[in-house]
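Notes for the one structure printed next.
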Amino acid sequence: MTTRTQPPDDLFENLRLELRRGCLVLAVLAQLRTERYGYTLRKALAEDGLPIDEGTLYPLLRRLETQGLLASEWREEEKRNKRFYRLSSVGEEVFEKLLTEWNGINKSIGRILQEA
Amino acid sequence: MELIDRYLYAVGRYIPGERRDDILAELRANILALAEDREQELGRKLALDEEEAILKQHGHPAVVAARYLPQQHLIGPTVFPFYWYVLKTAFPWVVLLYALGYCVSFLFRPVTVQAIVEVVLQFVPVAFYFAAWMTLVFALFEFFGARYMKQSTVFCSWSPRKLATPQAEPEKKSSPIFDFIGSLVTLAFLIVVRQNPIWILGPAVYYKNMVRPTPVWMTVYTIAIIFVCVQLAIKFVAIFSSHLRAWRTWIDLGTKTCAIAIVSFLLTAKEYVTVPPGADASQVGKIAQALNYAMSIGWKVIIVILSVQLLWEISKRLFPRWHVYAKPHLLA
């Protein structure tokens, strides 16, 4: 039988990005329980072991805000205007549900790995 | 920091007006914050190269801007399988209708190699326009479907009970013994027909005022006899040799190539039938002329069909993946 072959490295990279995409949303929502602006959020994520490039993070913040999960406001800090983001009330609610889902998946994976 | 102004100006060119200023202001704040952090780490102002590195890290202006725009695609993942299926199903019909159209037109104008080449080349824009129109139709479907038909029942009203029952694909492999017998019968027919032309020409052989085959057919007949004898020998060996059976595909390709060579040889002849001595030249001559013309067209059409078949078969052997991808169930 003929199958599509893809170099293992490429395959891994695609799957890794796919896996990360969902996790990043959860991580960003979790970080934004505390108000932050883009750059400090990125630093916080990197310090917690989840580096994310600017080109992904900043548009993601916009998207989450458009979806109503984040609220933002322009405010001056250190003599410069910055856009600060935080979880909206809808965002808090969705975040809780996502967290429950995440924990459920985590436990399931753990069980599956123990069985194997 | 002049570079950042140039960078943001470049990004802004790709972002629609209403959101541009807001996005650029945020980008500026974030880039400046990063630059300040670096300056604090280094304890000095950034050099031009370092500023450049920060901006390059953000990405090409067009790419950065694209990430702020809604995801753009003509046909999304939901509609794409239907688009691809319709494209694959309809394309052979386009080829067939195109070929039929030109075959009919060749009945009313002379057939030359140049005319055939032109017909083949003219198919390229036809195929392009077909694909373009199909894409446009499905892109419109995607556009309106995504915006106005989210609750549409088109994709929800299907039922597994209404799906077609799986049909077992017919076994295409033929027995080597039947292959051999087939070639044997062909050889016997060729030998007998030499002595009894009535088997091909029918009662026409007894009429004086009837066209007769030209000597070119004798040459073709000899080639055909040799060709079938070689086939017969190979098929006989193939009955006992599984190794040779594995080469069956390539033998089939060789057979098709030989068939093309024979038809090509026929194409070189100008006359296939002639007026026999003593026949009414004015009456039979017209029939002979019409038949010669019809046969010359026929050979050209046959050679095109055989060539396309041969190329298709070769592509199946050389690039099996192209053909397997067209049948996703084979990948399962």
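For the structure tokens, the naming scheme is as follows: chains receive sequential letters (A, B, ...) according to their order of presentation, residues are indexed from 1 within each chain, and ligands are indexed from 1 in presentation order.
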
Exercise answer, chain B residues close to chain A, 6 Å and only C-alpha atoms, as number ranges by chain: B: 29-30, 58, 64, 67-68, 331

I need the residues from that last selection saved to file as a PDB file, in the first residue's frame (with C-alpha atoms), if you can.
ATOM      1  CA  ALA B  29       4.789  50.605  21.968  1.00  0.00           C
ATOM      2  CA  ASN B  30       5.797  46.941  22.040  1.00  0.00           C
ATOM      3  CA  HIS B  58       9.203  40.937  14.247  1.00  0.00           C
ATOM      4  CA  VAL B  64       3.164  41.018  10.156  1.00  0.00           C
ATOM      5  CA  ARG B  67      -1.491  38.278  10.714  1.00  0.00           C
ATOM      6  CA  TYR B  68      -3.714  41.154  11.787  1.00  0.00           C
ATOM      7  CA  LEU B 331      -4.322   5.431   1.496  1.00  0.00           C
TER       8      LEU B 331
END

DSSP strand (DSSP E) selection over chain A, as a ChimeraX atom specification: /A:36-37,70-77,80-87

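Here atom CA of Pro213 of chain B and atom CA of Phe189 of chain B stand 18.1 Å from one another.
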
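Around segment 99-111 of chain B, within 9 Å and counting only C-alpha atoms, the residues found are B:Val94, B:Val95, B:Leu96, B:Leu97, B:Val113, B:Gln114, B:Ala115, B:Ile116, B:Val119, B:Tyr293, B:Ala294, B:Ser296, B:Ile297, B:Lys300, B:Val301, once anything fewer than 2 positions away on its own chain is removed.
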
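The space between atom CA of Lys256 of chain B and atom CA of Val193 of chain B spans 23.2 Å.
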
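The space between atom CA of Gly68 of chain A and atom CA of Ala44 of chain A spans 22.4 Å.
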
Spatial neighbours of Val230 of chain B, max dist 12 Å, only C-alpha atoms, sep filter under 6 positions, as a PyMOL selection string: chain B and resi 180+183-184+187+223-224+236-237+251+254-255+258

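In terms of minimum interatomic distance to Lys286 of chain B, B:Met210 ranks closest within B:Trp217, B:Lys316, B:Met210, B:Gln122, counting only C-alpha atoms.
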